[in-house]
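Enquirer: I'm passing along coords.pdb; it holds PDB, C-alpha atoms, pLDDT in the B column.
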```
ATOM      1  CA  MET A 152     126.265  99.501 117.973  1.00 37.00           C
ATOM      2  CA  ARG A 153     125.113  98.725 114.430  1.00 38.00           C
ATOM      3  CA  ASP A 154     123.539 101.275 112.163  1.00 41.00           C
ATOM      4  CA  SER A 155     119.783 100.663 112.120  1.00 39.00           C
ATOM      5  CA  ALA A 156     119.531 101.183 108.361  1.00 45.00           C
ATOM      6  CA  ALA A 157     118.585  97.990 106.555  1.00 44.00           C
ATOM      7  CA  MET A 158     121.198  96.490 104.268  1.00 43.00           C
ATOM      8  CA  SER A 159     120.057  93.773 101.894  1.00 47.00           C
ATOM      9  CA  ALA A 160     123.209  93.406  99.808  1.00 49.00           C
ATOM     10  CA  SER A 161     126.889  94.100  99.904  1.00 56.00           C
ATOM     11  CA  PRO A 162     127.702  97.717  99.093  1.00 69.00           C
ATOM     12  CA  ASP A 163     130.357  96.412  96.697  1.00 84.00           C
ATOM     13  CA  VAL A 164     129.668  96.913  93.015  1.00 93.00           C
ATOM     14  CA  PRO A 165     130.678  94.145  90.588  1.00 96.00           C
ATOM     15  CA  VAL A 166     133.778  94.945  88.521  1.00 95.00           C
ATOM     16  CA  LEU A 167     131.893  94.834  85.216  1.00 96.00           C
ATOM     17  CA  VAL A 168     129.305  97.298  86.563  1.00 96.00           C
ATOM     18  CA  THR A 169     132.128  99.663  87.564  1.00 94.00           C
ATOM     19  CA  GLN A 170     133.605  99.352  84.061  1.00 95.00           C
ATOM     20  CA  ALA A 171     130.210 100.152  82.530  1.00 96.00           C
ATOM     21  CA  LEU A 172     129.834 103.181  84.810  1.00 95.00           C
ATOM     22  CA  ASN A 173     133.293 104.375  83.742  1.00 94.00           C
ATOM     23  CA  LEU A 174     132.182 103.986  80.133  1.00 95.00           C
ATOM     24  CA  CYS A 175     129.114 106.123  80.947  1.00 94.00           C
ATOM     25  CA  ARG A 176     131.372 108.868  82.274  1.00 93.00           C
ATOM     26  CA  SER A 177     133.646 108.763  79.230  1.00 93.00           C
ATOM     27  CA  GLN A 178     130.623 109.014  76.897  1.00 92.00           C
ATOM     28  CA  GLY A 179     128.812 111.722  78.888  1.00 90.00           C
ATOM     29  CA  PHE A 180     125.931 109.283  79.368  1.00 89.00           C
ATOM     30  CA  VAL A 181     124.108 110.092  82.600  1.00 82.00           C
ATOM     31  CA  SER A 182     121.095 107.791  82.470  1.00 81.00           C
ATOM     32  CA  SER A 183     121.747 104.319  83.820  1.00 88.00           C
ATOM     33  CA  ILE A 184     120.216 101.969  86.355  1.00 92.00           C
ATOM     34  CA  ARG A 185     120.837 102.838  90.000  1.00 93.00           C
ATOM     35  CA  HIS A 186     122.717 100.426  92.258  1.00 95.00           C
ATOM     36  CA  GLU A 187     119.581  99.608  94.264  1.00 95.00           C
ATOM     37  CA  ALA A 188     117.640  98.648  91.163  1.00 96.00           C
ATOM     38  CA  GLY A 189     120.707  96.932  89.704  1.00 97.00           C
ATOM     39  CA  ARG A 190     121.002  94.681  92.742  1.00 96.00           C
ATOM     40  CA  LEU A 191     117.320  93.776  92.425  1.00 97.00           C
ATOM     41  CA  LEU A 192     117.834  93.079  88.725  1.00 97.00           C
ATOM     42  CA  ALA A 193     120.802  90.814  89.540  1.00 97.00           C
ATOM     43  CA  ALA A 194     118.759  88.957  92.167  1.00 97.00           C
ATOM     44  CA  LEU A 195     116.017  88.316  89.600  1.00 98.00           C
ATOM     45  CA  ALA A 196     118.567  87.291  86.947  1.00 98.00           C
ATOM     46  CA  ALA A 197     119.957  84.686  89.350  1.00 98.00           C
ATOM     47  CA  SER A 198     116.553  82.956  89.255  1.00 97.00           C
ATOM     48  CA  ARG A 199     116.337  82.781  85.450  1.00 98.00           C
ATOM     49  CA  VAL A 200     117.560  80.412  82.768  1.00 97.00           C
ATOM     50  CA  GLY A 201     117.505  80.802  79.003  1.00 98.00           C
ATOM     51  CA  THR A 202     117.638  84.188  77.337  1.00 98.00           C
ATOM     52  CA  LEU A 203     117.448  87.440  79.263  1.00 98.00           C
ATOM     53  CA  GLY A 204     116.852  90.642  77.311  1.00 98.00           C
ATOM     54  CA  GLU A 205     117.361  94.338  77.797  1.00 97.00           C
ATOM     55  CA  LEU A 206     115.828  97.228  75.903  1.00 95.00           C
ATOM     56  CA  GLY A 207     118.019 100.303  76.219  1.00 94.00           C
ATOM     57  CA  THR A 208     121.622  99.174  76.670  1.00 95.00           C
ATOM     58  CA  GLY A 209     123.061 102.646  77.088  1.00 95.00           C
ATOM     59  CA  CYS A 210     126.650 101.957  78.115  1.00 96.00           C
ATOM     60  CA  GLY A 211     125.908  98.494  79.469  1.00 97.00           C
ATOM     61  CA  VAL A 212     125.253  99.097  83.179  1.00 97.00           C
ATOM     62  CA  GLY A 213     122.000  97.117  83.251  1.00 97.00           C
ATOM     63  CA  ALA A 214     123.522  94.290  81.216  1.00 98.00           C
ATOM     64  CA  ALA A 215     126.503  94.259  83.596  1.00 98.00           C
ATOM     65  CA  TRP A 216     124.145  93.853  86.576  1.00 98.00           C
ATOM     66  CA  LEU A 217     122.382  91.006  84.755  1.00 98.00           C
ATOM     67  CA  CYS A 218     125.723  89.321  84.009  1.00 97.00           C
ATOM     68  CA  SER A 219     126.850  89.656  87.625  1.00 96.00           C
ATOM     69  CA  ALA A 220     124.367  86.923  88.598  1.00 96.00           C
ATOM     70  CA  LEU A 221     123.796  85.082  85.330  1.00 97.00           C
ATOM     71  CA  ARG A 222     123.272  81.344  85.726  1.00 96.00           C
ATOM     72  CA  ALA A 223     125.255  78.776  83.775  1.00 96.00           C
ATOM     73  CA  GLY A 224     123.845  78.378  80.277  1.00 96.00           C
ATOM     74  CA  ALA A 225     121.900  81.658  80.386  1.00 98.00           C
ATOM     75  CA  ARG A 226     122.673  84.589  78.121  1.00 98.00           C
ATOM     76  CA  VAL A 227     121.857  88.279  77.728  1.00 98.00           C
ATOM     77  CA  VAL A 228     120.802  89.984  74.501  1.00 98.00           C
ATOM     78  CA  THR A 229     120.563  93.749  74.704  1.00 98.00           C
ATOM     79  CA  ALA A 230     119.519  96.418  72.183  1.00 97.00           C
ATOM     80  CA  GLU A 231     120.631 100.043  71.986  1.00 96.00           C
ATOM     81  CA  LEU A 232     119.176 102.547  69.522  1.00 95.00           C
ATOM     82  CA  ASP A 233     122.304 104.748  69.458  1.00 96.00           C
ATOM     83  CA  PRO A 234     124.835 102.914  67.239  1.00 97.00           C
ATOM     84  CA  VAL A 235     127.836 104.591  68.916  1.00 96.00           C
ATOM     85  CA  LEU A 236     126.716 103.509  72.391  1.00 96.00           C
ATOM     86  CA  ALA A 237     125.902 100.035  71.063  1.00 97.00           C
ATOM     87  CA  GLU A 238     129.445  99.721  69.714  1.00 97.00           C
ATOM     88  CA  ARG A 239     130.966 100.924  73.013  1.00 97.00           C
ATOM     89  CA  ALA A 240     128.853  98.421  74.938  1.00 97.00           C
ATOM     90  CA  ARG A 241     129.824  95.691  72.481  1.00 98.00           C
ATOM     91  CA  GLU A 242     133.474  96.491  73.235  1.00 97.00           C
ATOM     92  CA  LEU A 243     132.756  96.322  76.982  1.00 97.00           C
ATOM     93  CA  PHE A 244     131.382  92.784  76.648  1.00 98.00           C
ATOM     94  CA  ALA A 245     133.814  91.629  73.938  1.00 97.00           C
ATOM     95  CA  ASP A 246     135.321  88.948  76.198  1.00 96.00           C
ATOM     96  CA  ASP A 247     131.977  87.622  77.437  1.00 96.00           C
ATOM     97  CA  ASP A 248     130.311  85.232  75.002  1.00 96.00           C
ATOM     98  CA  ARG A 249     127.169  85.212  77.182  1.00 97.00           C
ATOM     99  CA  VAL A 250     126.323  88.766  76.059  1.00 98.00           C
ATOM    100  CA  GLU A 251     125.212  89.984  72.645  1.00 98.00           C
ATOM    101  CA  VAL A 252     124.792  93.707  72.035  1.00 98.00           C
ATOM    102  CA  ARG A 253     122.593  94.692  69.096  1.00 98.00           C
ATOM    103  CA  ALA A 254     122.261  98.154  67.543  1.00 98.00           C
ATOM    104  CA  GLY A 255     118.617  98.974  66.971  1.00 96.00           C
ATOM    105  CA  ASP A 256     115.250  99.526  68.602  1.00 93.00           C
ATOM    106  CA  TRP A 257     113.228  96.981  70.588  1.00 89.00           C
ATOM    107  CA  THR A 258     112.216  95.081  67.463  1.00 92.00           C
ATOM    108  CA  THR A 259     115.871  94.027  67.103  1.00 94.00           C
ATOM    109  CA  LEU A 260     115.248  91.597  69.956  1.00 95.00           C
ATOM    110  CA  GLU A 261     112.063  89.972  68.626  1.00 95.00           C
ATOM    111  CA  GLN A 262     114.047  87.160  66.999  1.00 96.00           C
ATOM    112  CA  PHE A 263     115.475  86.131  70.410  1.00 97.00           C
ATOM    113  CA  ALA A 264     112.095  85.803  72.146  1.00 97.00           C
ATOM    114  CA  PRO A 265     110.702  84.407  74.299  1.00 97.00           C
ATOM    115  CA  PHE A 266     112.704  85.896  77.168  1.00 98.00           C
ATOM    116  CA  SER A 267     112.780  84.550  80.685  1.00 98.00           C
ATOM    117  CA  LEU A 268     113.518  88.097  81.912  1.00 98.00           C
ATOM    118  CA  LEU A 269     113.229  91.371  80.033  1.00 97.00           C
ATOM    119  CA  PHE A 270     114.629  94.601  81.492  1.00 97.00           C
ATOM    120  CA  ILE A 271     113.082  97.713  79.942  1.00 93.00           C
ATOM    121  CA  ASP A 272     114.777 101.056  80.412  1.00 86.00           C
ATOM    122  CA  VAL A 273     113.235 102.865  77.434  1.00 83.00           C
ATOM    123  CA  ARG A 274     110.418 105.254  78.357  1.00 80.00           C
ATOM    124  CA  GLU A 275     108.603 105.062  75.004  1.00 81.00           C
ATOM    125  CA  VAL A 276     108.446 101.262  75.176  1.00 84.00           C
ATOM    126  CA  LYS A 277     107.229 101.326  78.783  1.00 82.00           C
ATOM    127  CA  ARG A 278     104.547 103.852  77.866  1.00 82.00           C
ATOM    128  CA  ASN A 279     103.317 102.524  74.534  1.00 81.00           C
ATOM    129  CA  GLY A 280     104.586  98.993  74.102  1.00 79.00           C
ATOM    130  CA  ILE A 281     102.801  96.760  76.601  1.00 91.00           C
ATOM    131  CA  ASP A 282     100.760  94.987  73.907  1.00 90.00           C
ATOM    132  CA  LEU A 283     103.871  94.365  71.809  1.00 85.00           C
ATOM    133  CA  ILE A 284     106.258  93.562  74.650  1.00 89.00           C
ATOM    134  CA  ALA A 285     103.947  91.121  76.452  1.00 93.00           C
ATOM    135  CA  ASP A 286     104.426  88.502  73.763  1.00 91.00           C
ATOM    136  CA  LEU A 287     108.230  88.689  74.009  1.00 94.00           C
ATOM    137  CA  VAL A 288     108.186  87.099  77.474  1.00 97.00           C
ATOM    138  CA  GLU A 289     107.580  83.407  78.148  1.00 97.00           C
ATOM    139  CA  PRO A 290     104.851  82.327  80.593  1.00 97.00           C
ATOM    140  CA  GLY A 291     106.381  82.806  84.043  1.00 98.00           C
ATOM    141  CA  GLY A 292     108.861  85.277  82.546  1.00 98.00           C
ATOM    142  CA  ILE A 293     109.588  88.552  84.295  1.00 98.00           C
ATOM    143  CA  ILE A 294     109.560  92.095  82.955  1.00 97.00           C
ATOM    144  CA  VAL A 295     111.438  94.709  84.995  1.00 97.00           C
ATOM    145  CA  LEU A 296     110.619  98.366  84.333  1.00 95.00           C
ATOM    146  CA  ASP A 297     112.999 100.957  85.774  1.00 93.00           C
ATOM    147  CA  ASP A 298     112.870 104.674  86.600  1.00 91.00           C
ATOM    148  CA  PHE A 299     109.686 105.226  88.556  1.00 93.00           C
ATOM    149  CA  THR A 300     109.182 107.546  91.497  1.00 93.00           C
ATOM    150  CA  PRO A 301     107.685 105.859  94.577  1.00 94.00           C
ATOM    151  CA  SER A 302     103.967 106.356  95.077  1.00 93.00           C
ATOM    152  CA  SER A 303     102.004 105.158  98.094  1.00 90.00           C
ATOM    153  CA  ALA A 304      98.660 106.090  96.534  1.00 91.00           C
ATOM    154  CA  TRP A 305      96.284 104.102  94.351  1.00 94.00           C
ATOM    155  CA  PRO A 306      96.072 104.789  91.572  1.00 93.00           C
ATOM    156  CA  PRO A 307      99.802 105.673  91.513  1.00 94.00           C
ATOM    157  CA  ILE A 308     100.515 109.383  91.310  1.00 91.00           C
ATOM    158  CA  TYR A 309     103.429 111.105  89.592  1.00 92.00           C
ATOM    159  CA  ASP A 310     103.879 114.868  89.344  1.00 92.00           C
ATOM    160  CA  GLY A 311     100.380 115.489  90.709  1.00 92.00           C
ATOM    161  CA  ARG A 312      98.609 113.255  88.161  1.00 94.00           C
ATOM    162  CA  VAL A 313      97.676 109.610  87.831  1.00 95.00           C
ATOM    163  CA  ASP A 314     100.676 107.698  86.502  1.00 93.00           C
ATOM    164  CA  ASP A 315      98.725 105.956  83.741  1.00 92.00           C
ATOM    165  CA  MET A 316     101.817 104.183  82.402  1.00 92.00           C
ATOM    166  CA  ARG A 317     102.518 102.484  85.733  1.00 93.00           C
ATOM    167  CA  GLU A 318      98.819 101.844  86.350  1.00 95.00           C
ATOM    168  CA  ARG A 319      98.546 100.091  82.981  1.00 94.00           C
ATOM    169  CA  TRP A 320     101.437  97.720  83.812  1.00 95.00           C
ATOM    170  CA  LEU A 321     100.122  97.034  87.323  1.00 96.00           C
ATOM    171  CA  THR A 322      96.611  96.157  86.119  1.00 96.00           C
ATOM    172  CA  ASP A 323      97.214  94.360  82.811  1.00 96.00           C
ATOM    173  CA  PRO A 324      95.500  90.942  83.080  1.00 97.00           C
ATOM    174  CA  ARG A 325      98.413  89.192  81.327  1.00 97.00           C
ATOM    175  CA  PHE A 326     100.697  89.947  84.286  1.00 97.00           C
ATOM    176  CA  THR A 327     100.914  89.711  88.029  1.00 98.00           C
ATOM    177  CA  ALA A 328     102.778  92.895  88.882  1.00 97.00           C
ATOM    178  CA  VAL A 329     104.141  94.791  91.850  1.00 97.00           C
ATOM    179  CA  ASP A 330     105.538  98.280  92.339  1.00 96.00           C
ATOM    180  CA  VAL A 331     108.737  97.993  94.415  1.00 96.00           C
ATOM    181  CA  THR A 332     110.399 100.952  96.113  1.00 96.00           C
ATOM    182  CA  VAL A 333     114.162 100.386  95.939  1.00 96.00           C
ATOM    183  CA  ALA A 334     115.232 103.731  97.459  1.00 94.00           C
ATOM    184  CA  PRO A 335     113.403 106.713  98.955  1.00 95.00           C
ATOM    185  CA  ASP A 336     113.285 108.309  95.494  1.00 94.00           C
ATOM    186  CA  ALA A 337     113.273 105.265  93.183  1.00 94.00           C
ATOM    187  CA  ALA A 338     110.905 102.427  92.311  1.00 95.00           C
ATOM    188  CA  VAL A 339     110.651  99.644  89.746  1.00 96.00           C
ATOM    189  CA  VAL A 340     107.721  97.639  88.467  1.00 96.00           C
ATOM    190  CA  ILE A 341     108.143  93.882  88.281  1.00 98.00           C
ATOM    191  CA  ALA A 342     105.586  92.082  86.112  1.00 97.00           C
ATOM    192  CA  THR A 343     105.431  88.291  85.779  1.00 98.00           C
ATOM    193  CA  ARG A 344     103.703  86.865  82.695  1.00 97.00           C
ATOM    194  CA  ARG A 345     100.765  84.642  83.633  1.00 96.00           C
TER     195      ARG A 345
END
```
Take the structure I supplied and represent it as structure tokens, if you would.
Expert:
Amino acid sequence: MRDSAAMSASPDVPVLVTQALNLCRSQGFVSSIRHEAGRLLAALAASRVGTLGELGTGCGVGAAWLCSALRAGARVVTAELDPVLAERARELFADDDRVEVRAGDWTTLEQFAPFSLLFIDVREVKRNGIDLIADLVEPGGIIVLDDFTPSSAWPPIYDGRVDDMRERWLTDPRFTAVDVTVAPDAAVVIATRR
């Protein structure tokens, strides 16, 4: 008899994602996208053409998930504030001309806009940057925001208070957005530019 748990994707992790996770371990970097959210990110990347962006490269796990499903002719540009991590990620993707790793904050990516997909894994940008970030995405482009805790309430609640950051993204009139639970303890917000 089959296990009744739903399985939407292979439990296998792409080789490049495994290499990025190994890089995380070697650097003592413990904050990277979870497999559940990574698979969702890859599924969205498979629907995109043009330039995909990432704010918060870390050791390249998110970029590796994006690359695992990247369409022909598409590319990924990712920015990491920590210059050491940016260099390590650059080394990870050295043989992949579809990926460009930049050292710097989110403004480093402005010159590559508009993006067809933008993955944001930087808390400060998620909290304070909606007005700046919105213009980096093309009409119909997707923004993926990671690292939320599931909430079944409206407005969304986190740590006993209204999660104003998530509420702002879910109600901004420039986007059609949804809060997606990817695991019992993890959610992402997906916002499509109108």
Enquirer: Considering only C-alpha atoms, can you say which of A:Leu236, A:Val340, A:Asp256, A:Arg222 comes closest to Phe180 of chain A?
Expert: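 Looking at the shortest contact to Phe180 of chain A, the residue is A:Leu236.
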Enquirer: Run the PyMOL selection byres ((chain A and resi 317) around 12) against the file shown and list the residues it catches, as a VMD selection string.
Expert: chain A and resid 274 277 to 279 281 295 to 302 305 to 309 312 to 316 318 to 323 328 to 331 338 to 342
Enquirer: What residues come out when you apply the PyMOL selection byres ((chain A and resi 239) around 10) to this file, written as JSON, numbers by chain?
Expert: {"A": [171, 174, 175, 178, 209, 210, 211, 234, 235, 236, 237, 238, 240, 241, 242, 243, 244, 245, 252]}
Enquirer: Tell me which of A:Thr259, A:Ser303, A:Ser198, A:Thr208 sits closest to Ala225 of chain A, counting all atoms listed in the file.
Expert: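 Of the candidates, the smallest distance to Ala225 of chain A is held by A:Ser198.
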Enquirer: Using the chain letters and numbers from the file, give me the residues hit by the PyMOL selection byres ((chain A and resi 228) around 9), as a PyMOL selection string.
Expert: chain A and resi 202-206+214+226-227+229-230+249-253+260+263
Enquirer: May I ask for the distance between atom CA of Val288 of chain A and atom CA of Ser183 of chain A, given in Å to one decimal place?
Expert: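 Separation of atom CA of Val288 of chain A and atom CA of Ser183 of chain A: 22.8 Å.
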Enquirer: Excluding Leu221 of chain A and any residue of its chain fewer than 3 positions from it, enumerate the residues within 7 Å of it, using only C-alpha atoms, and give them as a VMD selection string.
Expert: chain A and resid 196 to 197 217 to 218 225
Enquirer: Could you write out that same residue set with C-alpha atoms as an mmCIF file, in the frame of the given file?
Expert:
```cif
data_model
loop_
_atom_site.group_PDB
_atom_site.id
_atom_site.type_symbol
_atom_site.label_atom_id
_atom_site.label_comp_id
_atom_site.auth_asym_id
_atom_site.auth_seq_id
_atom_site.Cartn_x
_atom_site.Cartn_y
_atom_site.Cartn_z
ATOM 1 C CA ALA A 196 118.567 87.291 86.947
ATOM 2 C CA ALA A 197 119.957 84.686 89.350
ATOM 3 C CA LEU A 217 122.382 91.006 84.755
ATOM 4 C CA CYS A 218 125.723 89.321 84.009
ATOM 5 C CA ALA A 225 121.900 81.658 80.386
#
```
Enquirer: So which one's closest to Ala264 of chain A, A:Gly292, A:Pro165, A:Gly311, A:Gly280? Using all atoms listed in the file, please.
Expert: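 Among A:Gly292, A:Pro165, A:Gly311, A:Gly280, it is A:Gly292 that comes nearest to Ala264 of chain A.
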Enquirer: Counting only C-alpha atoms, which of A:Val212, A:Val273, A:Asp282, A:Ile293 gets nearest to Arg176 of chain A?
Expert: A:Val212
Enquirer: Quick one: of A:Trp216, A:Asp246, A:Glu289, A:Gly207, who's nearest to Val276 of chain A, counting all atoms listed in the file?
Expert: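 Closest residue, counting all atoms listed in the file: A:Gly207.
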